[in-house]
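Undergrad: Please read through the structure below; I'll follow up with questions.
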Amino acid sequence: MDTPAFEELGSENTLPGINEGEIIVIRSTRRKKNISAYRQGGRIVVSIPARMSKADERAMVPEMVAKIRAQEAAITMSEEALASRIDELLTQLVPEISLRPASVVWRGMRERWGSCTGVDRSIRISDRLKGAPDYALDYVLFHEAIHLEYFDHGAEFKELLARFPKAEIASAYLDGYEAAETALAAPEALKKLLAKG
Ligand SMILES: [Zn+2]
């Protein structure tokens, strides 16, 4: 009875300046006046009162999305900063690796935290780590940086990775994030299942 209605913006009601599928609007009967927004993985979820008019929704949702993006921009490291952080981590923890990435970029990846291509020494970091605690981001950067030298997760790789001082808490953060993401995605999956009848 108090189940929020999930509404994925389709082509006919996509708001200006917002890419499809990136924004989820939840109409909640529990919510009387408040409107709130938060990041869930690659998406921004905006929760609005069930009775809010379509006109108000079209006015308020972009405002909330802009607010979230501004907050994220303020706390997100530049790609240049990611590269110099990798340099610091390797210098401190694995001085025997002298290779450095040719490029480090943020990438919208929902299945992985990061990836490294040895041939062109390129590293990609999931944008789900924007705003993550330093130790979690560092752990992924360090992991991918070791791949510059070791392609697989063999004994040598693991030995170097184990030098990261906060590996345990970092893994716990990443696992917890993924578990929460799965749990939050569940109502949508259920809705699709019900729609199929
Ligand atoms: Zn790996």
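By convention in this document, the chains of the structure tokens carry letters A, B, ... by their order, each chain's residues are numbered from 1, and ligands are numbered from 1 in the order they are shown.
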Can you pull out every residue from chain A that DSSP, working from the backbone, puts in helix (DSSP H, G or I), and format the result as number ranges by chain?
TA: A: 11-13, 54-75, 79-93, 127-129, 134-146, 155-161, 167-196
Undergrad: Within 7 Å of ligand 1 (counting only C-alpha atoms and all ligand atoms), which residues show up? I'd like them as a ChimeraX atom specification.
TA: /A:115,143-144,147,152-153
Undergrad: Determine, counting only C-alpha atoms, which protein, DNA and RNA residues have an atom within 8 Å of an atom of range 97-111 of chain A; residues of the same chain fewer than 3 positions away are not included. Present the result as a list of chain:residue names.
TA: A:Gly41, A:Gly42, A:Glu79, A:Glu80, A:Leu82, A:Ala83, A:Ile86, A:Asp87, A:Leu90, A:Val94, A:Gly114, A:Asp120, A:Arg121, A:Ser122, A:Ile123, A:Arg124, A:Ile125, A:Ser126, A:Asp127, A:Arg128, A:Ala145, A:Ile146, A:Leu148, A:Glu149
Undergrad: CA of Leu174 in chain A to CA of Arg43 in chain A: how many Å, to one decimal?
TA: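 These two atoms are separated by 17.4 Å.
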Undergrad: Looking at only C-alpha atoms, which of A:Val61, A:Thr91, A:Leu129, A:Glu156 is the one that sits closest to Tyr177 in chain A?
TA: A:Leu129
Undergrad: With a cut-off of 8 Å, could you pull out the residues of range 56-78 of chain A touching range 45-48 of chain A and give me the nearest pair of atoms for each, distance in Å to one decimal, using only C-alpha atoms, ordered by chain and ascending number, as JSON lines?
TA:
{"residue": "A:Glu57", "atom": "CA", "partner": "A:Ile48", "partner_atom": "CA", "distance": 7.8}
{"residue": "A:Val61", "atom": "CA", "partner": "A:Val46", "partner_atom": "CA", "distance": 6.8}
{"residue": "A:Met64", "atom": "CA", "partner": "A:Val46", "partner_atom": "CA", "distance": 7.3}
{"residue": "A:Val65", "atom": "CA", "partner": "A:Val46", "partner_atom": "CA", "distance": 7.8}
Undergrad: Using only all heavy atoms, please write the residues we just selected to a file, as a compact mmCIF listing (two decimals), in the first residue's frame.
TA:
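Now in out.txt:
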# COMPACT_ATOMS: atom_id res chain seq x y z
N GLU A 57 7.04 18.42 -11.33
CA GLU A 57 8.09 17.40 -11.49
C GLU A 57 9.11 17.88 -12.54
O GLU A 57 10.31 17.80 -12.32
CB GLU A 57 7.48 16.07 -11.93
CG GLU A 57 8.53 14.99 -12.16
CD GLU A 57 7.94 13.68 -12.70
OE1 GLU A 57 6.75 13.40 -12.44
OE2 GLU A 57 8.68 12.95 -13.38
N VAL A 61 12.76 18.26 -10.81
CA VAL A 61 13.72 17.16 -10.99
C VAL A 61 15.07 17.64 -11.56
O VAL A 61 16.12 17.32 -11.00
CB VAL A 61 13.11 16.00 -11.81
CG1 VAL A 61 14.16 14.97 -12.18
CG2 VAL A 61 11.99 15.33 -11.00
N MET A 64 17.15 19.23 -8.84
CA MET A 64 17.74 18.28 -7.90
C MET A 64 18.94 17.56 -8.53
O MET A 64 19.94 17.33 -7.89
CB MET A 64 16.70 17.24 -7.44
CG MET A 64 15.54 17.81 -6.65
SD MET A 64 16.05 18.75 -5.20
CE MET A 64 16.56 17.43 -4.09
N VAL A 65 18.79 17.23 -9.81
CA VAL A 65 19.87 16.55 -10.53
C VAL A 65 21.09 17.47 -10.61
O VAL A 65 22.23 17.04 -10.38
CB VAL A 65 19.40 16.12 -11.93
CG1 VAL A 65 20.57 15.65 -12.79
CG2 VAL A 65 18.35 15.02 -11.82
Undergrad: Considering only C-alpha atoms, can you say which of A:Leu137, A:Val119, A:Ala132, A:Ile26 comes closest to Phe151 in chain A?
TA: A:Val119
Undergrad: Determine the nearest neighbour of Pro49 in chain A from the options A:Thr76, A:Gln92, A:Ser36, A:Ser28, counting only C-alpha atoms.
TA: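 Nearest to Pro49 in chain A: A:Ser28.
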Undergrad: Would you mind writing down, as a ChimeraX atom specification, each residue of chain A that DSSP on the backbone assigns to strand (DSSP E or B)?
TA: /A:5-8,23-28,36-40,43-49,103-107,114-117,122-126
Undergrad: Would you please work out which residue, of A:Leu89, A:Asp56, A:Pro165, A:Ser171, is nearest to Phe142 in chain A when using only C-alpha atoms?
TA: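 When distances to Phe142 in chain A are compared using only C-alpha atoms, the smallest one comes from A:Leu89.
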Undergrad: Find the distance between CA of Lys67 in chain A and CA of Met52 in chain A and write it in Å to one decimal.
TA: 19.5 Å
Undergrad: Between CA of Tyr135 in chain A and CA of Ile169 in chain A, measure the distance and give it in Å to one decimal.
TA: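 The value is 8.0 Å.
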Undergrad: Skip Lys166 in chain A itself and residues of its chain fewer than 4 positions away, then list as a list in words all residues within 12 Å of it, counting only C-alpha atoms.
TA: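 Neighbouring residues, sequence-local ones excluded: Pro133, Asp134, Tyr135, Ala136, Leu137, Asp138, Tyr139, Val140, Phe142, Leu161, Ala162, Ala170, Ser171, Ala172 and Tyr173 of chain A.
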Undergrad: Kindly export the residues of the current selection with C-alpha atoms, as a PDB file, in the first residue's frame.
TA:
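Result file follows (out-v5.pdb):
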ATOM      1  CA  PRO A 133      36.424   7.139   0.650  1.00  0.00           C
ATOM      2  CA  ASP A 134      40.100   7.658  -0.254  1.00  0.00           C
ATOM      3  CA  TYR A 135      41.131   4.177   0.852  1.00  0.00           C
ATOM      4  CA  ALA A 136      38.569   2.536  -1.493  1.00  0.00           C
ATOM      5  CA  LEU A 137      39.563   4.622  -4.512  1.00  0.00           C
ATOM      6  CA  ASP A 138      43.276   4.126  -3.694  1.00  0.00           C
ATOM      7  CA  TYR A 139      42.771   0.377  -3.466  1.00  0.00           C
ATOM      8  CA  VAL A 140      41.243   0.201  -6.962  1.00  0.00           C
ATOM      9  CA  PHE A 142      46.621   0.439  -6.825  1.00  0.00           C
ATOM     10  CA  LEU A 161      48.520  -6.032  -3.755  1.00  0.00           C
ATOM     11  CA  ALA A 162      48.890  -7.206  -0.145  1.00  0.00           C
ATOM     12  CA  ALA A 170      38.591  -1.188   1.200  1.00  0.00           C
ATOM     13  CA  SER A 171      37.283  -4.611   0.102  1.00  0.00           C
ATOM     14  CA  ALA A 172      34.526  -4.339   2.687  1.00  0.00           C
ATOM     15  CA  TYR A 173      33.483  -0.955   1.294  1.00  0.00           C
TER      16      TYR A 173
END
